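First up is the structure itself, then whatever we jot down about it.
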Amino acid sequence: MSPFRPAALLILSLAASPAVAESSQISATQAWSRPAAAGGAGAGYLTLVNRGKADILVGASSPLASRVELHSASMTGGMMRMDAESRVPVPAGGQIKFAPGGRHLMFVGLTRALHVGDTLPATLRFASGRTLTVNLKVAVGAPEAPPKVPMGEMPGMH
């Protein structure tokens with residue numbers, strides 16, 4: 001038997017182990033925010049794409065805001081209603097859109113104004129313990145084709 005064959009079998013067995021299969025593969029696309037005044041609130045939009053196990057978005061933070069809240073907006077009786085959400089499920093093999101008129105990240109207490117062309121950093125926290133760092137491009141509308149941001153493991157900011 002070739003000396004490389006046992007090593008190849010070991011690598012294949014490790015690749016098939018549950019620890020590898022359970023790793024989350026969430027990425028963010030089209031991350032953007034509208035311009036906003038210092039001291040006020042800004043809204044962030046993106047699409048979370050999950051190519052792995054189901055997870056739940058449970059919070060977010062940004063060095064440019066005193067706090068970041070998960071919100072959903074809906075029309076009720078001809079009036080726009082906004083509600084805070086404590087958890088946003090991200091289904092396995094699915095995606096969740098944060099878009100104007102719907103779900104969004106609310107950046108409260110901005111430490112500086114957000115101008116077109118700026119970048120607004122945010123760290124998303126998931127129930128699995130993983131975090132995803134996203135840079136939202138400040139624009140008047142959604143950017144054309146921003147790059148995907150892979151799931152990373154960084155210490156939470158809270």
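Identifiers for the structure tokens are assigned positionally: chains receive A, B, ... in sequence, residues are indexed from 1 per chain, and ligands are indexed from 1 in the order shown.
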> stretch 17-150 of chain A: which residues are helix (DSSP H, G or I) by DSSP, as a PyMOL selection string?
Replying inline: chain A and resi 18-21
Within 9 Å of A:Ala84, counting only C-alpha atoms, which residues show up once you throw out same-chain ones fewer than 6 positions away? Write them as a PDB file with C-alpha atoms, in the first residue's frame, please.
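As a result, result33.pdb now contains:
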ATOM      1  CA  GLU A  69     -31.758  46.854  16.610  1.00  0.00           C
ATOM      2  CA  LEU A  70     -33.414  44.283  14.364  1.00  0.00           C
ATOM      3  CA  HIS A  71     -36.682  45.723  13.025  1.00  0.00           C
ATOM      4  CA  SER A  72     -39.523  44.783  10.719  1.00  0.00           C
ATOM      5  CA  ALA A  73     -41.848  47.246   9.037  1.00  0.00           C
TER       6      ALA A  73
END
> For A:Pro121, which of A:Leu48, A:Pro89, A:Ala60, A:Asp83 is the closest residue, counting only C-alpha atoms?
Replying inline: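 Checking each of A:Leu48, A:Pro89, A:Ala60, A:Asp83 against A:Pro121, counting only C-alpha atoms, the winner is A:Ala60.
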>> If I take atom CA of A:Ser66 and atom CA of A:Phe107, how far is one from the other in Å, to one decimal?
In response: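 According to the coordinates, atom CA of A:Ser66 and atom CA of A:Phe107 are separated by 7.7 Å.
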